[in-house]
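Next comes structure_21.pdb, a file with PDB, C-alpha atoms and all ligand atoms.
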ATOM      1  CA  MET A 694      -5.732  -2.215   7.436  1.00  0.00           C
ATOM      2  CA  SER A 695      -7.426  -1.336   4.186  1.00  0.00           C
ATOM      3  CA  ILE A 696      -7.851  -4.829   2.838  1.00  0.00           C
ATOM      4  CA  ARG A 697      -8.394  -7.571   5.346  1.00  0.00           C
ATOM      5  CA  LYS A 698      -5.967 -10.419   5.020  1.00  0.00           C
ATOM      6  CA  ALA A 699      -5.825 -13.740   6.820  1.00  0.00           C
ATOM      7  CA  ILE A 700      -3.272 -16.316   7.762  1.00  0.00           C
ATOM      8  CA  ILE A 701      -5.143 -19.597   7.920  1.00  0.00           C
ATOM      9  CA  LEU A 702      -3.251 -22.047  10.049  1.00  0.00           C
ATOM     10  CA  ASP A 703      -3.316 -25.767  10.249  1.00  0.00           C
ATOM     11  CA  ARG A 704      -2.775 -26.691  13.886  1.00  0.00           C
ATOM     12  CA  ASP A 705      -1.073 -30.051  14.407  1.00  0.00           C
ATOM     13  CA  GLY A 706       2.369 -30.149  12.836  1.00  0.00           C
ATOM     14  CA  THR A 707       2.207 -26.460  11.947  1.00  0.00           C
ATOM     15  CA  LEU A 708       1.693 -24.558  15.212  1.00  0.00           C
ATOM     16  CA  ILE A 709       2.294 -27.423  17.611  1.00  0.00           C
ATOM     17  CA  GLU A 710       4.128 -30.712  17.508  1.00  0.00           C
ATOM     18  CA  ASP A 711       2.051 -33.372  15.802  1.00  0.00           C
ATOM     19  CA  LYS A 712       1.817 -36.141  18.334  1.00  0.00           C
ATOM     20  CA  ASP A 713      -0.788 -38.172  16.436  1.00  0.00           C
ATOM     21  CA  TYR A 714      -4.257 -37.464  17.785  1.00  0.00           C
ATOM     22  CA  ALA A 715      -3.034 -35.340  20.699  1.00  0.00           C
ATOM     23  CA  TYR A 716      -5.671 -34.086  23.104  1.00  0.00           C
ATOM     24  CA  LYS A 717      -3.903 -34.024  26.473  1.00  0.00           C
ATOM     25  CA  ILE A 718      -2.685 -30.620  27.542  1.00  0.00           C
ATOM     26  CA  GLU A 719       0.659 -32.026  28.692  1.00  0.00           C
ATOM     27  CA  ASP A 720       1.278 -33.089  25.078  1.00  0.00           C
ATOM     28  CA  LEU A 721       0.854 -29.564  23.743  1.00  0.00           C
ATOM     29  CA  LYS A 722       4.158 -28.204  22.537  1.00  0.00           C
ATOM     30  CA  LEU A 723       4.522 -25.166  20.307  1.00  0.00           C
ATOM     31  CA  LEU A 724       6.908 -25.520  17.391  1.00  0.00           C
ATOM     32  CA  PRO A 725       9.977 -23.275  17.170  1.00  0.00           C
ATOM     33  CA  GLY A 726       9.412 -19.797  15.774  1.00  0.00           C
ATOM     34  CA  VAL A 727       5.610 -19.880  16.067  1.00  0.00           C
ATOM     35  CA  ILE A 728       5.229 -17.173  18.727  1.00  0.00           C
ATOM     36  CA  GLU A 729       7.807 -14.881  17.119  1.00  0.00           C
ATOM     37  CA  GLY A 730       6.397 -15.538  13.666  1.00  0.00           C
ATOM     38  CA  LEU A 731       2.789 -14.817  14.571  1.00  0.00           C
ATOM     39  CA  LYS A 732       3.798 -11.638  16.413  1.00  0.00           C
ATOM     40  CA  PHE A 733       5.597 -10.509  13.305  1.00  0.00           C
ATOM     41  CA  LEU A 734       2.457 -10.938  11.182  1.00  0.00           C
ATOM     42  CA  GLN A 735      -0.316  -9.842  13.470  1.00  0.00           C
ATOM     43  CA  GLN A 736      -0.337  -6.168  12.525  1.00  0.00           C
ATOM     44  CA  ASP A 737      -1.248  -7.070   8.977  1.00  0.00           C
ATOM     45  CA  TYR A 738      -3.242 -10.290   9.240  1.00  0.00           C
ATOM     46  CA  LEU A 739      -6.097 -11.938  11.078  1.00  0.00           C
ATOM     47  CA  PHE A 740      -5.365 -15.466  12.269  1.00  0.00           C
ATOM     48  CA  PHE A 741      -7.606 -18.512  11.964  1.00  0.00           C
ATOM     49  CA  ILE A 742      -7.049 -22.187  12.696  1.00  0.00           C
ATOM     50  CA  VAL A 743      -8.590 -24.818  10.431  1.00  0.00           C
ATOM     51  CA  THR A 744      -7.927 -28.340  11.654  1.00  0.00           C
ATOM     52  CA  ASN A 745      -9.033 -31.825  10.685  1.00  0.00           C
ATOM     53  CA  GLN A 746      -9.752 -33.725  13.902  1.00  0.00           C
ATOM     54  CA  SER A 747     -10.721 -37.212  12.808  1.00  0.00           C
ATOM     55  CA  GLY A 748      -9.612 -38.407  16.249  1.00  0.00           C
ATOM     56  CA  ILE A 749     -13.080 -37.289  17.362  1.00  0.00           C
ATOM     57  CA  GLY A 750     -14.819 -39.341  14.669  1.00  0.00           C
ATOM     58  CA  ARG A 751     -12.611 -42.298  15.471  1.00  0.00           C
ATOM     59  CA  GLY A 752     -13.538 -42.069  19.143  1.00  0.00           C
ATOM     60  CA  TYR A 753      -9.947 -41.471  20.299  1.00  0.00           C
ATOM     61  CA  TYR A 754     -11.044 -38.360  22.177  1.00  0.00           C
ATOM     62  CA  SER A 755     -14.231 -36.401  22.651  1.00  0.00           C
ATOM     63  CA  GLU A 756     -15.293 -33.055  21.305  1.00  0.00           C
ATOM     64  CA  SER A 757     -14.874 -31.609  24.797  1.00  0.00           C
ATOM     65  CA  ASP A 758     -11.303 -33.011  25.000  1.00  0.00           C
ATOM     66  CA  PHE A 759     -10.669 -31.226  21.728  1.00  0.00           C
ATOM     67  CA  PHE A 760     -12.034 -27.928  23.058  1.00  0.00           C
ATOM     68  CA  GLN A 761     -10.063 -28.181  26.265  1.00  0.00           C
ATOM     69  CA  PHE A 762      -6.843 -28.802  24.379  1.00  0.00           C
ATOM     70  CA  ASN A 763      -7.503 -26.146  21.764  1.00  0.00           C
ATOM     71  CA  ASN A 764      -8.574 -23.554  24.326  1.00  0.00           C
ATOM     72  CA  HIS A 765      -5.329 -24.137  26.127  1.00  0.00           C
ATOM     73  CA  LEU A 766      -3.411 -23.409  22.945  1.00  0.00           C
ATOM     74  CA  ILE A 767      -5.459 -20.239  22.391  1.00  0.00           C
ATOM     75  CA  LYS A 768      -4.715 -19.179  25.970  1.00  0.00           C
ATOM     76  CA  VAL A 769      -0.971 -19.775  25.597  1.00  0.00           C
ATOM     77  CA  LEU A 770      -1.009 -17.675  22.439  1.00  0.00           C
ATOM     78  CA  GLU A 771      -3.035 -14.948  24.182  1.00  0.00           C
ATOM     79  CA  GLU A 772      -0.491 -14.852  26.976  1.00  0.00           C
ATOM     80  CA  ASN A 773       1.945 -13.969  24.225  1.00  0.00           C
ATOM     81  CA  GLN A 774      -0.379 -11.239  22.890  1.00  0.00           C
ATOM     82  CA  ILE A 775      -1.389 -13.306  19.885  1.00  0.00           C
ATOM     83  CA  ARG A 776      -5.042 -13.497  18.969  1.00  0.00           C
ATOM     84  CA  ILE A 777      -6.660 -16.321  17.018  1.00  0.00           C
ATOM     85  CA  GLU A 778     -10.000 -15.011  15.757  1.00  0.00           C
ATOM     86  CA  GLU A 779     -11.656 -18.388  15.319  1.00  0.00           C
ATOM     87  CA  THR A 780     -10.890 -22.100  15.224  1.00  0.00           C
ATOM     88  CA  PHE A 781     -12.715 -24.322  12.744  1.00  0.00           C
ATOM     89  CA  TYR A 782     -12.500 -28.076  13.056  1.00  0.00           C
ATOM     90  CA  CYS A 783     -13.747 -31.109  11.199  1.00  0.00           C
ATOM     91  CA  PRO A 784     -14.620 -33.934  13.609  1.00  0.00           C
ATOM     92  CA  HIS A 785     -15.363 -36.460  10.858  1.00  0.00           C
ATOM     93  CA  ILE A 786     -13.398 -39.322   9.419  1.00  0.00           C
ATOM     94  CA  LYS A 787     -12.491 -39.176   5.765  1.00  0.00           C
ATOM     95  CA  GLU A 788     -14.951 -41.942   4.844  1.00  0.00           C
ATOM     96  CA  GLU A 789     -17.893 -39.836   6.021  1.00  0.00           C
ATOM     97  CA  ASN A 790     -17.184 -37.603   3.043  1.00  0.00           C
ATOM     98  CA  CYS A 791     -18.345 -34.504   4.911  1.00  0.00           C
ATOM     99  CA  GLU A 792     -18.219 -30.955   3.627  1.00  0.00           C
ATOM    100  CA  CYS A 793     -15.889 -29.581   6.280  1.00  0.00           C
ATOM    101  CA  ARG A 794     -12.767 -31.733   6.008  1.00  0.00           C
ATOM    102  CA  LYS A 795      -9.803 -30.100   4.296  1.00  0.00           C
ATOM    103  CA  PRO A 796      -9.183 -29.920   1.334  1.00  0.00           C
ATOM    104  CA  LYS A 797     -12.895 -29.052   0.998  1.00  0.00           C
ATOM    105  CA  ILE A 798     -13.269 -25.323   1.322  1.00  0.00           C
ATOM    106  CA  LYS A 799     -16.339 -24.861   3.508  1.00  0.00           C
ATOM    107  CA  TYR A 800     -14.276 -23.174   6.209  1.00  0.00           C
ATOM    108  CA  ILE A 801     -12.282 -20.961   3.842  1.00  0.00           C
ATOM    109  CA  LYS A 802     -15.564 -19.721   2.395  1.00  0.00           C
ATOM    110  CA  LYS A 803     -16.858 -19.072   5.878  1.00  0.00           C
ATOM    111  CA  ILE A 804     -13.749 -17.118   6.856  1.00  0.00           C
ATOM    112  CA  VAL A 805     -13.955 -15.036   3.687  1.00  0.00           C
ATOM    113  CA  ASP A 806     -17.672 -14.319   4.108  1.00  0.00           C
ATOM    114  CA  ASP A 807     -17.834 -13.768   7.848  1.00  0.00           C
ATOM    115  CA  TRP A 808     -14.668 -11.693   8.082  1.00  0.00           C
ATOM    116  CA  ASN A 809     -14.680  -9.987   4.696  1.00  0.00           C
ATOM    117  CA  ILE A 810     -11.244 -11.306   3.814  1.00  0.00           C
ATOM    118  CA  SER A 811      -9.410 -10.735   0.554  1.00  0.00           C
ATOM    119  CA  ILE A 812      -8.486 -14.351  -0.026  1.00  0.00           C
ATOM    120  CA  LYS A 813      -5.999 -13.766  -2.814  1.00  0.00           C
ATOM    121  CA  ASP A 814      -3.978 -11.665  -0.385  1.00  0.00           C
ATOM    122  CA  SER A 815      -4.169 -14.346   2.294  1.00  0.00           C
ATOM    123  CA  TRP A 816      -2.160 -17.438   3.129  1.00  0.00           C
ATOM    124  CA  MET A 817      -2.732 -21.010   4.222  1.00  0.00           C
ATOM    125  CA  MET A 818       0.084 -22.629   6.196  1.00  0.00           C
ATOM    126  CA  GLY A 819       0.087 -26.389   6.750  1.00  0.00           C
ATOM    127  CA  ASP A 820       2.161 -29.542   6.889  1.00  0.00           C
ATOM    128  CA  HIS A 821      -0.030 -31.860   4.826  1.00  0.00           C
ATOM    129  CA  PRO A 822      -0.778 -31.926   1.090  1.00  0.00           C
ATOM    130  CA  SER A 823      -4.481 -31.500   1.933  1.00  0.00           C
ATOM    131  CA  ASP A 824      -3.652 -28.150   3.556  1.00  0.00           C
ATOM    132  CA  ILE A 825      -2.030 -26.942   0.370  1.00  0.00           C
ATOM    133  CA  GLN A 826      -4.868 -28.272  -1.771  1.00  0.00           C
ATOM    134  CA  PHE A 827      -7.308 -26.526   0.591  1.00  0.00           C
ATOM    135  CA  GLY A 828      -5.493 -23.216   0.153  1.00  0.00           C
ATOM    136  CA  ILE A 829      -5.272 -23.584  -3.611  1.00  0.00           C
ATOM    137  CA  ASN A 830      -8.961 -24.585  -3.850  1.00  0.00           C
ATOM    138  CA  GLY A 831      -9.865 -21.599  -1.712  1.00  0.00           C
ATOM    139  CA  GLY A 832      -7.802 -19.144  -3.774  1.00  0.00           C
ATOM    140  CA  CYS A 833      -5.053 -18.138  -1.369  1.00  0.00           C
ATOM    141  CA  LYS A 834      -1.284 -18.459  -1.283  1.00  0.00           C
ATOM    142  CA  THR A 835       0.199 -21.424   0.540  1.00  0.00           C
ATOM    143  CA  VAL A 836       3.160 -22.426   2.653  1.00  0.00           C
ATOM    144  CA  TYR A 837       3.994 -26.093   2.944  1.00  0.00           C
ATOM    145  CA  MET A 838       5.669 -26.671   6.274  1.00  0.00           C
ATOM    146  CA  ILE A 839       8.138 -29.532   6.437  1.00  0.00           C
ATOM    147  CA  THR A 840       7.610 -29.776  10.162  1.00  0.00           C
ATOM    148  CA  GLY A 841       4.996 -32.317  11.247  1.00  0.00           C
ATOM    149  CA  HIS A 842       3.976 -34.711   8.506  1.00  0.00           C
ATOM    150  CA  GLY A 843       5.421 -32.442   5.864  1.00  0.00           C
ATOM    151  CA  LYS A 844       8.635 -34.284   5.219  1.00  0.00           C
ATOM    152  CA  LYS A 845       6.918 -37.627   4.842  1.00  0.00           C
ATOM    153  CA  HIS A 846       4.446 -36.264   2.272  1.00  0.00           C
ATOM    154  CA  LEU A 847       6.751 -34.064   0.236  1.00  0.00           C
ATOM    155  CA  ARG A 848       6.847 -36.676  -2.519  1.00  0.00           C
ATOM    156  CA  ASP A 849       3.019 -37.044  -2.609  1.00  0.00           C
ATOM    157  CA  LEU A 850       2.766 -33.327  -3.031  1.00  0.00           C
ATOM    158  CA  LYS A 851       4.962 -33.377  -6.113  1.00  0.00           C
ATOM    159  CA  ALA A 852       3.440 -36.591  -7.480  1.00  0.00           C
ATOM    160  CA  ASN A 853      -0.029 -35.035  -7.302  1.00  0.00           C
ATOM    161  CA  GLY A 854       1.072 -31.801  -8.911  1.00  0.00           C
ATOM    162  CA  ILE A 855       0.176 -29.752  -5.844  1.00  0.00           C
ATOM    163  CA  ILE A 856       2.451 -26.741  -5.901  1.00  0.00           C
ATOM    164  CA  PRO A 857       2.712 -24.579  -2.785  1.00  0.00           C
ATOM    165  CA  THR A 858       3.800 -20.958  -3.065  1.00  0.00           C
ATOM    166  CA  LEU A 859       6.529 -21.567  -0.474  1.00  0.00           C
ATOM    167  CA  VAL A 860       8.106 -24.546   1.275  1.00  0.00           C
ATOM    168  CA  HIS A 861       9.696 -24.071   4.693  1.00  0.00           C
ATOM    169  CA  SER A 862      10.986 -26.054   7.631  1.00  0.00           C
ATOM    170  CA  ASN A 863      10.833 -23.244  10.195  1.00  0.00           C
ATOM    171  CA  PHE A 864       7.804 -21.116  11.030  1.00  0.00           C
ATOM    172  CA  LEU A 865       9.689 -17.863  11.520  1.00  0.00           C
ATOM    173  CA  GLU A 866      11.570 -18.229   8.251  1.00  0.00           C
ATOM    174  CA  ALA A 867       8.285 -18.899   6.468  1.00  0.00           C
ATOM    175  CA  VAL A 868       6.813 -15.760   7.987  1.00  0.00           C
ATOM    176  CA  GLU A 869       9.803 -13.648   6.996  1.00  0.00           C
ATOM    177  CA  GLU A 870       9.312 -14.709   3.409  1.00  0.00           C
ATOM    178  CA  ILE A 871       5.576 -14.017   3.561  1.00  0.00           C
ATOM    179  CA  ARG A 872       6.371 -10.493   4.730  1.00  0.00           C
ATOM    180  CA  LYS A 873       8.898  -9.982   1.955  1.00  0.00           C
ATOM    181  CA  LEU A 874       6.458 -11.137  -0.718  1.00  0.00           C
ATOM    182  CA  ASP A 875       3.615  -9.024   0.617  1.00  0.00           C
ATOM    183  CA  ILE A 876       5.382  -5.695   0.897  1.00  0.00           C
TER     184      ILE A 876
HETATM  185 MG    MG B 901      -1.095 -30.876  10.263  1.00  0.00          MG
HETATM  186 ZN    ZN B 902     -16.132 -32.707   8.512  1.00  0.00          ZN
END
Could you rewrite the structure in this file as structure tokens?
Ligand SMILES: [Mg+2]
Ligand SMILES: [Zn+2]
Amino acid sequence: MSIRKAIILDRDGTLIEDKDYAYKIEDLKLLPGVIEGLKFLQQDYLFFIVTNQSGIGRGYYSESDFFQFNNHLIKVLEENQIRIEETFYCPHIKEENCECRKPKIKYIKKIVDDWNISIKDSWMMGDHPSDIQFGINGGCKTVYMITGHGKKHLRDLKANGIIPTLVHSNFLEAVEEIRKLDI
């Protein structure tokens, strides 16, 4: 690829079912269309996960629980020939006002710098308004997924004037539209 493009993925509610602070491997369930969708994009994009994990800060699960769970997801994707380059997570609670919690763009900047990504040609996909704000703040295109929390927050999104590039309820359909817009 001549320019390097990324798909930055929220994890819970976007790639996997959002089961509220999930960390047990038996609770890991991929959402429909995720494998097919990522396969469809991987020739043209590098994949990254950026996830807010305040369950760590709240003491619901440990950092090592998080790694175990996330590594399992990475392994399942690898078994399907899908490669996630890096996972970035924020372990803090909102009140800590850290620099790494979406919609703050520490991790987008890091992805751009470390991987030499053209951010305006890249996408953020997520199911929470903060994912869309993160993408907009970071300068990429966005897909709001009405999968996990997406439906519940659709009104907040509009009320706060946060406008995603695309809105979708199925991962594969979202990906098909990304491909169409990028060709
Ligand atoms: Mg989410
Ligand atoms: Zn943080």
request  = Would you work out the distance separating CA of Trp816 (chain A) from CA of Ile786 (chain A), expressed in Å to one decimal?
outcome  =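 Computing it gives 25.4 Å between the two atoms.
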key: Selection under test: the PyMOL selection byres (((chain A and resi 861-869) around 12) and not hetatm); residues as a PyMOL selection string   = chain A and resi 700+702+706-709+723-735+737-738+816-820+835-844+847+857-860+870-876
Convert the output of the PyMOL selection byres (((not hetatm)) within 7 of (chain B and resi 902)) on the shown file into explicit residues, formatted as an mmCIF file with C-alpha atoms, in the frame of the given file.
data_model
loop_
_atom_site.group_PDB
_atom_site.id
_atom_site.type_symbol
_atom_site.label_atom_id
_atom_site.label_comp_id
_atom_site.auth_asym_id
_atom_site.auth_seq_id
_atom_site.Cartn_x
_atom_site.Cartn_y
_atom_site.Cartn_z
ATOM 1 C CA CYS A 783 -13.747 -31.109 11.199
ATOM 2 C CA PRO A 784 -14.620 -33.934 13.609
ATOM 3 C CA HIS A 785 -15.363 -36.460 10.858
ATOM 4 C CA CYS A 791 -18.345 -34.504 4.911
ATOM 5 C CA GLU A 792 -18.219 -30.955 3.627
ATOM 6 C CA CYS A 793 -15.889 -29.581 6.280
ATOM 7 C CA ARG A 794 -12.767 -31.733 6.008
#
Set up a box along x, y and z of the file covering all listed atoms of region 773-788 of chain A, add 5 Å on every one of the six sides, and write the centre and edge lengths in Å to one decimal, as lines of an AutoDock Vina configuration file.
center_x = -6.7
center_y = -26.6
center_z = 14.5
size_x = 27.3
size_y = 40.7
size_z = 29.4
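Here CA of Gly831 (chain A) is placed at a distance of 28.7 Å from CA of Gln761 (chain A).
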message = Can you translate the PyMOL selection byres (((chain A and resi 833) around 9) and not hetatm) into the concrete residues it hits in this file, as a PyMOL selection string?
response = chain A and resi 811-817+827-832+834-835
ask   = By how many Å are CA of Tyr800 (chain A) and CA of Asp824 (chain A) apart?
value =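 Here the two named atoms are 12.0 Å from each other.
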key: Among the residues A:Ile718, A:Ile742, A:Ala852, A:Ile696, the one that comes closest to ligand MG 901 (chain B) [using all atoms listed in the file]   =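 Of the candidates, the smallest distance to ligand MG 901 (chain B) is held by A:Ile742.
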request  = Show which residues sit within 10 Å of Phe741 (chain A), as number ranges by chain. Count all atoms listed in the file, and ignore same-chain residues fewer than 3 positions away.
outcome  = A: 699-704, 738, 744, 776-781, 800-801, 804, 817
inquiry  = Can you pull out the residues contacting Asn853 (chain A)? Cut-off 12 Å, using all atoms listed in the file, and skip same-chain residues under 4 positions away; I want them as a list in words.
reply    = Pro822, Ser823, Ile825, Gln826, His846, Leu847, Arg848, Asp849 and Pro857 of chain A
Distance query Tyr716 (chain A) at most 12 Å, all atoms listed in the file, self and fewer than 2 positions along chain excluded, as an MDAnalysis selection string = chainID A and resid 705 709:714 718:722 746:749 752:766
task = Would you please work out which residue, of A:Leu850, A:Lys845, A:Val743, A:Asn790, is nearest to Lys802 (chain A) when using only C-alpha atoms?
result =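 Checking each of A:Leu850, A:Lys845, A:Val743, A:Asn790 against Lys802 (chain A), counting only C-alpha atoms, the winner is A:Val743.
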request  = Pick out the closest residue to ligand MG 901 (chain B) from this set: A:Lys787, A:Lys851, A:Arg697, A:His821. Count all atoms listed in the file.
outcome  =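 Looking only at the distances to ligand MG 901 (chain B), the closest residue turns out to be A:His821.
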key: Option closest in space to ligand MG 901 (chain B), from A:Asn745, A:Asn809, A:Asn773, A:Ser695 [counting only C-alpha atoms and all ligand atoms]   =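 Closest candidate: A:Asn745.
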task = Between A:Val805, A:Leu770, A:Ile798, A:Ala715, single out the one closest to ligand MG 901 (chain B), counting all atoms listed in the file.
result =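 Among the listed residues, the smallest separation from ligand MG 901 (chain B) belongs to A:Ala715.
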task = Find the residue from A:Lys803, A:Trp808, A:Lys795, A:Leu739 that sits nearest to ligand MG 901 (chain B); use all atoms listed in the file when measuring.
result =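 The answer is A:Lys795, which sits nearest to ligand MG 901 (chain B).
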Generate the coordinates of N, CA and C atoms for region 701-732 of chain A; report them as an mmCIF file, in the frame of the given file.
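Below is the file rebuild.cif, written as the result:
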data_model
loop_
_atom_site.group_PDB
_atom_site.id
_atom_site.type_symbol
_atom_site.label_atom_id
_atom_site.label_comp_id
_atom_site.auth_asym_id
_atom_site.auth_seq_id
_atom_site.Cartn_x
_atom_site.Cartn_y
_atom_site.Cartn_z
ATOM 1 N N ILE A 701 -4.367 -18.439 7.498
ATOM 2 C CA ILE A 701 -5.143 -19.597 7.920
ATOM 3 C C ILE A 701 -4.143 -20.686 8.282
ATOM 4 N N LEU A 702 -4.272 -21.161 9.502
ATOM 5 C CA LEU A 702 -3.251 -22.047 10.049
ATOM 6 C C LEU A 702 -3.799 -23.439 10.294
ATOM 7 N N ASP A 703 -3.110 -24.413 9.768
ATOM 8 C CA ASP A 703 -3.316 -25.767 10.249
ATOM 9 C C ASP A 703 -2.786 -25.772 11.690
ATOM 10 N N ARG A 704 -3.236 -26.703 12.499
ATOM 11 C CA ARG A 704 -2.775 -26.691 13.886
ATOM 12 C C ARG A 704 -1.667 -27.721 14.149
ATOM 13 N N ASP A 705 -2.024 -28.999 14.023
ATOM 14 C CA ASP A 705 -1.073 -30.051 14.407
ATOM 15 C C ASP A 705 0.018 -30.202 13.353
ATOM 16 N N GLY A 706 1.256 -30.062 13.779
ATOM 17 C CA GLY A 706 2.369 -30.149 12.836
ATOM 18 C C GLY A 706 2.733 -28.824 12.206
ATOM 19 N N THR A 707 1.926 -27.792 12.484
ATOM 20 C CA THR A 707 2.207 -26.460 11.947
ATOM 21 C C THR A 707 2.463 -25.483 13.093
ATOM 22 N N LEU A 708 1.513 -25.409 14.030
ATOM 23 C CA LEU A 708 1.693 -24.558 15.212
ATOM 24 C C LEU A 708 2.299 -25.346 16.371
ATOM 25 N N ILE A 709 1.831 -26.581 16.497
ATOM 26 C CA ILE A 709 2.294 -27.423 17.611
ATOM 27 C C ILE A 709 2.815 -28.746 17.074
ATOM 28 N N GLU A 710 3.602 -29.395 17.894
ATOM 29 C CA GLU A 710 4.128 -30.712 17.508
ATOM 30 C C GLU A 710 2.978 -31.651 17.223
ATOM 31 N N ASP A 711 3.086 -32.403 16.141
ATOM 32 C CA ASP A 711 2.051 -33.372 15.802
ATOM 33 C C ASP A 711 2.348 -34.677 16.515
ATOM 34 N N LYS A 712 1.587 -34.916 17.566
ATOM 35 C CA LYS A 712 1.817 -36.141 18.334
ATOM 36 C C LYS A 712 0.728 -37.171 18.061
ATOM 37 N N ASP A 713 0.240 -37.204 16.832
ATOM 38 C CA ASP A 713 -0.788 -38.172 16.436
ATOM 39 C C ASP A 713 -1.984 -38.213 17.387
ATOM 40 N N TYR A 714 -3.002 -37.504 17.028
ATOM 41 C CA TYR A 714 -4.257 -37.464 17.785
ATOM 42 C C TYR A 714 -4.062 -36.950 19.215
ATOM 43 N N ALA A 715 -3.269 -35.904 19.363
ATOM 44 C CA ALA A 715 -3.034 -35.340 20.699
ATOM 45 C C ALA A 715 -4.286 -34.637 21.211
ATOM 46 N N TYR A 716 -4.574 -34.826 22.458
ATOM 47 C CA TYR A 716 -5.671 -34.086 23.104
ATOM 48 C C TYR A 716 -5.363 -33.782 24.558
ATOM 49 N N LYS A 717 -4.256 -34.285 25.084
ATOM 50 C CA LYS A 717 -3.903 -34.024 26.473
ATOM 51 C C LYS A 717 -3.016 -32.791 26.545
ATOM 52 N N ILE A 718 -3.375 -31.899 27.458
ATOM 53 C CA ILE A 718 -2.685 -30.620 27.542
ATOM 54 C C ILE A 718 -1.172 -30.799 27.738
ATOM 55 N N GLU A 719 -0.786 -31.836 28.477
ATOM 56 C CA GLU A 719 0.659 -32.026 28.692
ATOM 57 C C GLU A 719 1.394 -32.384 27.391
ATOM 58 N N ASP A 720 0.645 -32.768 26.366
ATOM 59 C CA ASP A 720 1.278 -33.089 25.078
ATOM 60 C C ASP A 720 1.363 -31.885 24.134
ATOM 61 N N LEU A 721 0.867 -30.744 24.616
ATOM 62 C CA LEU A 721 0.854 -29.564 23.743
ATOM 63 C C LEU A 721 2.211 -28.875 23.763
ATOM 64 N N LYS A 722 2.844 -28.842 22.619
ATOM 65 C CA LYS A 722 4.158 -28.204 22.537
ATOM 66 C C LYS A 722 4.238 -27.356 21.268
ATOM 67 N N LEU A 723 4.412 -26.061 21.461
ATOM 68 C CA LEU A 723 4.522 -25.166 20.307
ATOM 69 C C LEU A 723 5.791 -25.465 19.531
ATOM 70 N N LEU A 724 5.723 -25.311 18.229
ATOM 71 C CA LEU A 724 6.908 -25.520 17.391
ATOM 72 C C LEU A 724 7.783 -24.258 17.417
ATOM 73 N N PRO A 725 9.063 -24.418 17.137
ATOM 74 C CA PRO A 725 9.977 -23.275 17.170
ATOM 75 C C PRO A 725 9.554 -22.182 16.189
ATOM 76 N N GLY A 726 9.665 -20.937 16.650
ATOM 77 C CA GLY A 726 9.412 -19.797 15.774
ATOM 78 C C GLY A 726 7.950 -19.398 15.652
ATOM 79 N N VAL A 727 7.042 -20.158 16.257
ATOM 80 C CA VAL A 727 5.610 -19.880 16.067
ATOM 81 C C VAL A 727 5.203 -18.569 16.752
ATOM 82 N N ILE A 728 5.596 -18.399 18.004
ATOM 83 C CA ILE A 728 5.229 -17.173 18.727
ATOM 84 C C ILE A 728 5.830 -15.953 18.021
ATOM 85 N N GLU A 729 7.115 -16.014 17.752
ATOM 86 C CA GLU A 729 7.807 -14.881 17.119
ATOM 87 C C GLU A 729 7.187 -14.610 15.744
ATOM 88 N N GLY A 730 6.929 -15.679 15.016
ATOM 89 C CA GLY A 730 6.397 -15.538 13.666
ATOM 90 C C GLY A 730 5.017 -14.903 13.658
ATOM 91 N N LEU A 731 4.149 -15.364 14.538
ATOM 92 C CA LEU A 731 2.789 -14.817 14.571
ATOM 93 C C LEU A 731 2.814 -13.357 15.016
ATOM 94 N N LYS A 732 3.680 -13.041 15.973
ATOM 95 C CA LYS A 732 3.798 -11.638 16.413
ATOM 96 C C LYS A 732 4.194 -10.731 15.258
#
